[in-house]
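Please read the structure below before turning to the comments.
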Amino acid sequence: MTFLTVAFFILFVITLGLMLLFRGQTARQFILLAASYVFYAYWDVRFLFLLIFQALVVYTGSLLVEKFRFGKPGLAKAAMGILVGIILGLLGFFKYFRFFTESISAITGENAFSALHIILPVGISFYTFQSISYVVDVYRQKTEARKSFLKVSLYISFFPQLMSGPVVRSTHFLPQLDTNPAITWANFEKGCQIFLMGAVKKVVIADRLSVCVNAIYDAPAAYSGASILGAVIAYSLQIYCDFSGYSDMAIGVARVLGYDLGRNFNLPYLSRNLTEFWKRWHISLSAWLQEYLYISLGGNRKGKMRTYVNLMLTMILGGLWHGASWNFVIWGALHGAALVVHKLFLTYKKPKTTTTGVKTLLSIVGTYAFVSFCWIFFRADSFETAWLIISRMFTWADGISYTYVYTVLFALALLLIHIYCYFKTNKEGTYIHLDWNKFLPKVLFILAILLTAAFAYQGNQAFIYFQF
Amino acid sequence: MLQKIFTGKRIKNFLQWVLAAFIAFCVANLLILPYWQAPGWIYRNSGATSAIYHSGTTLVNGYEGYGTSQVDDHGYLNPDLPLADSYILALGCSHTKAIEVPAAKRYTSILNEALSQGDFSKLYVYNLAIDGFYYTDIVKGFDAALAEFPGSDSIIIEIPSTDLDLTGLTDSLNSRPFDAAMTGETLYTSQSTKDKLKIAVKEYLPLLSLYLSKQFVNGGAEKTPFFYTPATNVTAGYGVSKEAYLLALEPTMAHLREVYDKEIIIYYHPFVTINEDGTMSVDDTVTAQWFAQCCEKYDITFINAGNTFLEKYQNQAIVPYGFSNTSLGTGHLNKEGHRISASLLYDALTGEDL
C-alpha cells in the first residue's frame with residue numbers, strides 16, 4: 001500500500017475516525033498499531049510476521065539490556081551485541097543472501113541455493129535502523145526500555161514512515177508515545193499541506209522525470225552527450241523529489257495523527273560542500289549513520305587518520321546499505337572521499353565567517369555537480385552503464401538529441417523555489433503554509449489539489465527508496 | 001450538540017470551503033485550457049467512422065507532444081475549407097489524426113501544401129482519421145467514406161501494424177451504411193439533451209475531461225499514449241499461418257478494389273525500438289510481407305516505412321516516434337515521423353521528391 005492509493009485513503013480515514021472516537025492513549029496506540037499492520041500486510045502478509053517477530057525480539061532484548069545495564073555492564077554489552085547481530089542478520093539474510101549465493105554460484109559453478117528465492121521485504125532497512133536505534137539507545141542509557149510492547153512495536157512499525165522513512169530515532173519518537181498527542185485542527189491543516197507538497201513532488205515532478213531518466217539510462221549508447229547530461233540533471237531532481245516527496249507525505253500523515261517525525265530534507269542542493277549536503281539530505285539517515293556507525297567506529301576521537309578511515313567506512317557501508325552492488329560501493333566511496341577531502345581542506349584552511357556571493361554560488365554549483373555525478377553510479381544498473389554514461393557525456397558524443405521539456409521546466413521551477421527559500425527564510429527551507437482561516441488560501445489549496453491530480457503522471461512508478 | 005456544530009462561524013467556514021472549491025474548479029479549468037481541450041465525441045452506427053467530433057470545436061493536446069486542431073463541418077480534424085476538385089482522402093488511426101503535432105506538421109498537411117501549389121483556399125488532402133481506426137475498421141467504413149467524400153483521386157490508408165485479427169477481417173466486410181443525417185452538425189443536432197449536456201461538460205470543463213479521459217483513468221504506463229501499442233499483437237506470438245492470413249485478407253482488398261478503381265496507397269509504418277547497444281530496430285513481422293504480396297495482387301500500392309526509418313536513424317539519429325515531453329521511440333509519430341511519411345507518400349503519388 002502506498003500513500004497515493006484509494007486503499008490508503010480508506011485506511012487513513014478509518015484510522016483517524018477511530019482515533020477521534022477513542023481518545024485514550026492505549027486505545028489510540030492500539031488503533032495505530034493495527035493500522036500499521038494492515039498497511040504492511042497489504043503489501044505481503046507473510047512479512048507481517050517478520051515485522052512482529054522483530055518487534056518481539058527488540059522488546060524482550062532491550063528489557064534484558066536494561067536489566068543488565070546496572071551492575072552487569074559486560075552482559076548488557078553482550079546482550080546489545082547479540083540483539084544488533086540478530087537484527088542485522090535478518091536484514092543481511094533478506095538483503096544480501098541472494099547476492100552472496102549468486103557470487104558463490106558464479107565462483108563454484110554450482111547453484112546450491114537455487115530453490116531459495118528471497119524477496120526483500122519492503123521497508124526492512126528502515127525498521128531495522130529504528131530497532132538498532134532503540135536497542136543501542138537503551139544500552140547507552142539515552143532512553144529507557146519501554147515495558148509496553150505496544151509502544152515498542154508501534155515505534156518500529158508506525159505506518160507513515162514504515163516503508164521509506166524518515167528513520168526516526170527512539171529518543172525522538174518514544175517520548176511522543178509516552179504522551180497522548182492531541183489530534184488538532186492546526187495539525188490537520190499543516191499535515192494536509194505537507195502531504196500535498198510531497199504528492200506534488202512525487203507524482204507531478206519525480207514520476208514525470210522518470211520517463212526521460214529511464215529512457216536514457218536504458219540505452220545510453222543511443223543518445224547524444226547533451227541528452228545524457230540532461231538525464232543526469234533530471235535524475236538529480238527525480239531522486240530528490242521522489243524521496244523528499246515520500247518523506248513529506250509521511251511527515252504530513254504523522255502530523256495529522258499528532259506525531260512529529262522531524263525533518264528529512266532541507267534544500268540539499270543549496271549545500272556549499274559535501275559535509276553540509278549530508279546535513280541537508282536524508283537528514284534522519286545521515287544522523288543515524290553518524291550516531292550509530294561513525295561514532296561507534298570511533299568517530300573523530302582516535303586521531304585524524306582514523307577519522308578519515310571512519311568517514312570512508314561509514315559512507316561505503318551507507319552505500320552498501322542501498323544494495324549489494326559495486327555501483328553503490330563506488331557511490332559511497334566517492335562521497336566518503338569527498339568528505340575526507342573537505343575535512344582535510346578545513347584542517348589547512350579555516351572557514352571564513354563570511355564569503356562572497358560569487359564564491360558561495362560557485363560552491364553550491366560545484367557541490368551540486370559532484371552530487372549529480374555520483375548519482376550516475378547510484379542510478380545505473382551496472383558499472384559498465386555508468387562508465388558509458390560518463391564517457392559519452394564528457395566526450396559530447398553524437399546520438400539522438402532528446403531535450404526533455406519537463407527537465408527544463410522543473411529545473412527552472414525548483415531553482416526559483418530554492419532561490420526564494422534561500423533569501424526568504426534565511427537559508428532554511430520551509431514548508432509553505434496556507435492559513436485556512438482565510439478565504440484565498442482555501443482556494444489555493446483546493447486549486448493545488450485539482451492541478452496535482454490533473455498533471456500527475458499516470459505511469460507506474462514506485463517510490464525509489466522502497467527498494468532499499 | 002447540533003447547536004454547537006451549526007454555529008454561525010462553522011456555517012460560514014463551511015460555505016467558504018464550498019465557494020473556494022467552486023472558484024478553484026473554475027480557475028483550474030481555465031488554467032488547463034492551453035494544455036488540454038477535448039471536443040465532444042459523438043457516436044453513430046453509420047458513416048466512415050463509428051464516431052466523430054462535435055463540429056466547430058477546438059482540440060488541444062499537451063499530454064503527448066503538443067498540437068491544436070480545429071474540427072471541421074464533417075467532425076474531423078481539418079481546416080474548414082472546401083475540397084478541391086482533385087483531392088486525396090487519407091484514412092487512418094491516431095497517427096494520421098496526429099493531435100500530438102501542430103496541425104501544419106501532420107503528413108496530411110505537408111502533402112496538402114505540396115499538392116496545392118500555392119492554392120490555400122481548398123483542401124487537396126482530406127484527413128479522415130480517428131483513434132483506433134485500423135485497417136479492419138477502415139475497410140468496414142470504406143463504402144461510407146466514399147459516399148460522404150465522393151470524387152477523390154486517391155486514397156491513402158495508414159496502418160501501424162499488419163498483424164491483423166482474422167475474425168475482424170472477415171467482419172470488416174459487413175460495411176457500415178452511410179446516412180447523411182448522421183454526419184457533422186446534423187448528427188449533433190439530433191442528439192438528446194442528455195447527450196448534448198455530456199458533450200458540453202466535456203468541452204467546457206476540460207479538467208473533468210482530462211480526469212475522465214481514457215489514458216488518465218486507466219493509469220498503467222502501457223495503456224497511456226506514452227507507450228502506445230497497436231490494437232493487435234505485433235510480436236512473434238501472432239501465430240497465424242500465411243494461408244489463413246491471406247484467406248481472410250484477400251476479400252477485404254478485393255472489396256476495396258471493387259468499390260474504388262482509382263489509386264489506393266496503403267502506408268505501413270512499423271514501430272521501432274531503441275536498443276541498449278544504441279541501435280534502432282524496426283518491429284516488423286512476416287505479415288508485412290504477406291500484406292505487401294496481397295496489395296500487389298490487387299494493384300494497391302504498399303509502402304513500408306521501416307527501411308526509411310532505419311536509414312534516417314543511422315544517418316541523422318532521427319527517431320520517428322516520441323516527443324520531448326514523453327520518451328523517444330514510443331508513442332505516436334512525431335514531426336520527423338510525419339515529415340518522413342509525407343515524403344514517402346509524395347514520392348508514391350507524384351514520383352517526385354518532396
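By order in the C-alpha cells, chains are A, B, ...; within a chain, residues start at 1; ligands start at 1, following the order shown.
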Contacts of A:Ile205 within 8 Å, only C-alpha atoms, excl. fewer than 4 positions in-chain, as a list in words |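 Everything that qualifies: Val200, Lys201, Leu209, Gln238, Cys241 and Phe410 of chain A.
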Restricting the output to N, CA, C and O atoms, write the selected residues as a compact mmCIF listing (two decimals), in the first residue's frame.
# COMPACT_ATOMS: atom_id res chain seq x y z
N VAL A 200 2.90 16.45 -4.79
CA VAL A 200 3.30 17.21 -5.99
C VAL A 200 4.70 16.79 -6.41
O VAL A 200 4.97 16.50 -7.58
N LYS A 201 5.60 16.75 -5.42
CA LYS A 201 6.99 16.37 -5.73
C LYS A 201 7.04 14.98 -6.36
O LYS A 201 7.79 14.74 -7.29
N LEU A 209 9.74 12.99 -14.50
CA LEU A 209 11.16 12.98 -14.87
C LEU A 209 11.66 11.56 -15.11
O LEU A 209 12.60 11.35 -15.87
N GLN A 238 14.86 14.07 -9.92
CA GLN A 238 13.89 12.99 -9.68
C GLN A 238 14.09 12.37 -8.30
O GLN A 238 13.14 12.23 -7.53
N CYS A 241 13.03 14.77 -5.53
CA CYS A 241 11.58 14.96 -5.40
C CYS A 241 10.89 13.66 -4.99
O CYS A 241 9.90 13.69 -4.28
N PHE A 410 11.03 21.80 -14.77
CA PHE A 410 11.13 21.54 -13.32
C PHE A 410 12.44 22.06 -12.75
O PHE A 410 12.49 22.48 -11.60
Against chain B, which residues of chain A fall within 10 Å? For each one I want the closest pair of atoms and the distance in Å (one decimal), counting only C-alpha atoms, rows by chain and increasing residue number, as JSON lines.
{"residue": "A:Arg208", "atom": "CA", "partner": "B:Thr326", "partner_atom": "CA", "distance": 8.6}
{"residue": "A:Leu209", "atom": "CA", "partner": "B:Thr326", "partner_atom": "CA", "distance": 9.4}
{"residue": "A:Ser210", "atom": "CA", "partner": "B:Ser327", "partner_atom": "CA", "distance": 9.9}
{"residue": "A:Val211", "atom": "CA", "partner": "B:Ser327", "partner_atom": "CA", "distance": 6.2}
{"residue": "A:Cys212", "atom": "CA", "partner": "B:Ser327", "partner_atom": "CA", "distance": 6.0}
{"residue": "A:Val213", "atom": "CA", "partner": "B:Ser327", "partner_atom": "CA", "distance": 9.3}
{"residue": "A:Asn214", "atom": "CA", "partner": "B:Ser327", "partner_atom": "CA", "distance": 8.9}
{"residue": "A:Ala215", "atom": "CA", "partner": "B:Ser327", "partner_atom": "CA", "distance": 6.4}
{"residue": "A:Ile216", "atom": "CA", "partner": "B:Ser327", "partner_atom": "CA", "distance": 8.9}
{"residue": "A:Tyr217", "atom": "CA", "partner": "B:Glu276", "partner_atom": "CA", "distance": 9.0}
{"residue": "A:Asp218", "atom": "CA", "partner": "B:Glu276", "partner_atom": "CA", "distance": 6.1}
{"residue": "A:Ala219", "atom": "CA", "partner": "B:Glu276", "partner_atom": "CA", "distance": 4.1}
{"residue": "A:Pro220", "atom": "CA", "partner": "B:Gly278", "partner_atom": "CA", "distance": 6.9}
{"residue": "A:Ala221", "atom": "CA", "partner": "B:Gly278", "partner_atom": "CA", "distance": 4.3}
{"residue": "A:Ala222", "atom": "CA", "partner": "B:Gly278", "partner_atom": "CA", "distance": 3.7}
{"residue": "A:Tyr223", "atom": "CA", "partner": "B:Gly278", "partner_atom": "CA", "distance": 7.5}
{"residue": "A:Ser224", "atom": "CA", "partner": "B:Ala317", "partner_atom": "CA", "distance": 9.2}
{"residue": "A:Thr385", "atom": "CA", "partner": "B:Glu276", "partner_atom": "CA", "distance": 9.8}
{"residue": "A:Asp398", "atom": "CA", "partner": "B:Ala317", "partner_atom": "CA", "distance": 8.4}
{"residue": "A:Gly399", "atom": "CA", "partner": "B:Ala317", "partner_atom": "CA", "distance": 5.7}
{"residue": "A:Ile400", "atom": "CA", "partner": "B:Ala317", "partner_atom": "CA", "distance": 5.0}
{"residue": "A:Ser401", "atom": "CA", "partner": "B:Ala317", "partner_atom": "CA", "distance": 7.6}
{"residue": "A:Tyr402", "atom": "CA", "partner": "B:Ser324", "partner_atom": "CA", "distance": 6.5}
{"residue": "A:Thr403", "atom": "CA", "partner": "B:Ser324", "partner_atom": "CA", "distance": 5.9}
{"residue": "A:Tyr404", "atom": "CA", "partner": "B:Ser324", "partner_atom": "CA", "distance": 4.8}
{"residue": "A:Val405", "atom": "CA", "partner": "B:Asn325", "partner_atom": "CA", "distance": 5.3}
{"residue": "A:Tyr406", "atom": "CA", "partner": "B:Asn325", "partner_atom": "CA", "distance": 6.5}
{"residue": "A:Thr407", "atom": "CA", "partner": "B:Asn325", "partner_atom": "CA", "distance": 9.2}
{"residue": "A:Trp436", "atom": "CA", "partner": "B:Trp17", "partner_atom": "CA", "distance": 9.3}
{"residue": "A:Asn437", "atom": "CA", "partner": "B:Asn13", "partner_atom": "CA", "distance": 8.0}
{"residue": "A:Lys438", "atom": "CA", "partner": "B:Gln16", "partner_atom": "CA", "distance": 9.0}
{"residue": "A:Phe439", "atom": "CA", "partner": "B:Gln16", "partner_atom": "CA", "distance": 6.6}
{"residue": "A:Leu440", "atom": "CA", "partner": "B:Ala20", "partner_atom": "CA", "distance": 7.6}
{"residue": "A:Pro441", "atom": "CA", "partner": "B:Ala20", "partner_atom": "CA", "distance": 8.8}
{"residue": "A:Lys442", "atom": "CA", "partner": "B:Ala20", "partner_atom": "CA", "distance": 5.9}
{"residue": "A:Val443", "atom": "CA", "partner": "B:Ala20", "partner_atom": "CA", "distance": 4.5}
{"residue": "A:Leu444", "atom": "CA", "partner": "B:Ala24", "partner_atom": "CA", "distance": 7.0}
{"residue": "A:Phe445", "atom": "CA", "partner": "B:Ala24", "partner_atom": "CA", "distance": 8.5}
{"residue": "A:Ile446", "atom": "CA", "partner": "B:Ala24", "partner_atom": "CA", "distance": 6.0}
{"residue": "A:Leu447", "atom": "CA", "partner": "B:Ala24", "partner_atom": "CA", "distance": 4.8}
{"residue": "A:Ala448", "atom": "CA", "partner": "B:Ala24", "partner_atom": "CA", "distance": 8.6}
{"residue": "A:Ile449", "atom": "CA", "partner": "B:Ala24", "partner_atom": "CA", "distance": 9.4}
{"residue": "A:Leu450", "atom": "CA", "partner": "B:Ala28", "partner_atom": "CA", "distance": 6.8}
{"residue": "A:Leu451", "atom": "CA", "partner": "B:Ala28", "partner_atom": "CA", "distance": 6.6}
{"residue": "A:Ala453", "atom": "CA", "partner": "B:Tyr211", "partner_atom": "CA", "distance": 7.8}
{"residue": "A:Ala454", "atom": "CA", "partner": "B:Tyr211", "partner_atom": "CA", "distance": 6.6}
{"residue": "A:Phe455", "atom": "CA", "partner": "B:Tyr63", "partner_atom": "CA", "distance": 9.0}
{"residue": "A:Ala456", "atom": "CA", "partner": "B:Phe216", "partner_atom": "CA", "distance": 9.1}
{"residue": "A:Tyr457", "atom": "CA", "partner": "B:Gly219", "partner_atom": "CA", "distance": 8.6}
{"residue": "A:Gln458", "atom": "CA", "partner": "B:Gly219", "partner_atom": "CA", "distance": 4.8}
{"residue": "A:Gly459", "atom": "CA", "partner": "B:Ala221", "partner_atom": "CA", "distance": 4.0}
{"residue": "A:Asn460", "atom": "CA", "partner": "B:Gly220", "partner_atom": "CA", "distance": 5.7}
{"residue": "A:Gln461", "atom": "CA", "partner": "B:Ala221", "partner_atom": "CA", "distance": 8.9}
Can you list, as a PyMOL selection string, all residues belonging to stretch 117-201 of chain A that DSSP tags as helix (DSSP H, G or I)?
-> chain A and resi 124-139+149-157+159-162+170-177+185-201
Atom CA of A:Leu270 to atom CA of A:Ile364, distance in Å rounded to a single decimal =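 Computing it gives 5.7 Å between the two atoms.
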Find the residues around B:Ser154 up to 8 Å (only C-alpha atoms counted), leave out those fewer than 5 positions away in its own chain, and share them as a PyMOL selection string.
-> chain B and resi 87-89+262-265
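The interatomic distance for the pair atom CA of A:Ile31 and atom CA of A:Leu18 works out to 7.3 Å.
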Could you pull the residues within 12 Å of stretch 346-353 of chain B, counting only C-alpha atoms, minus those fewer than 5 positions along the same chain, as a PyMOL selection string?
-> chain B and resi 87-88+107-115+125+153-156+262-267+300-305+338-341
Contact residues around A:Val38 with only C-alpha atoms at 10 Å, ignoring same-chain residues under 6 positions, as a ChimeraX atom specification | /A:1,8,11,32,44-45,48,159
Which neighbours of B:Ile138 fall inside 12 Å, counting only C-alpha atoms, when residues of the same chain fewer than 2 positions from it are skipped, and could you give them as a ChimeraX atom specification?
-> /B:47-50,90-93,128-136,140-146,155-159,168-169,171-176,252-253,255-256,266
Interatomic distance between atom CA of A:Leu388 and atom CA of A:Leu237?
-> 21.1 Å
Within 7 Å of B:Asp283 using only C-alpha atoms, minus same-chain residues under 3 positions, as an mmCIF file with N, CA and C atoms, in the first residue's frame:
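Here's the written file part28.cif:
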data_model
loop_
_atom_site.group_PDB
_atom_site.id
_atom_site.type_symbol
_atom_site.label_atom_id
_atom_site.label_comp_id
_atom_site.auth_asym_id
_atom_site.auth_seq_id
_atom_site.Cartn_x
_atom_site.Cartn_y
_atom_site.Cartn_z
ATOM 1 N N PRO B 270 5.906 0.717 -39.345
ATOM 2 C CA PRO B 270 6.089 -0.142 -38.177
ATOM 3 C C PRO B 270 6.667 0.629 -36.989
ATOM 4 N N PHE B 271 6.441 0.078 -35.811
ATOM 5 C CA PHE B 271 7.015 0.697 -34.613
ATOM 6 C C PHE B 271 8.513 0.399 -34.551
ATOM 7 N N VAL B 272 9.189 1.154 -33.738
ATOM 8 C CA VAL B 272 10.640 0.962 -33.624
ATOM 9 C C VAL B 272 11.025 0.748 -32.164
ATOM 10 N N THR B 273 12.207 0.195 -31.973
ATOM 11 C CA THR B 273 12.729 0.021 -30.618
ATOM 12 C C THR B 273 14.147 0.552 -30.571
#
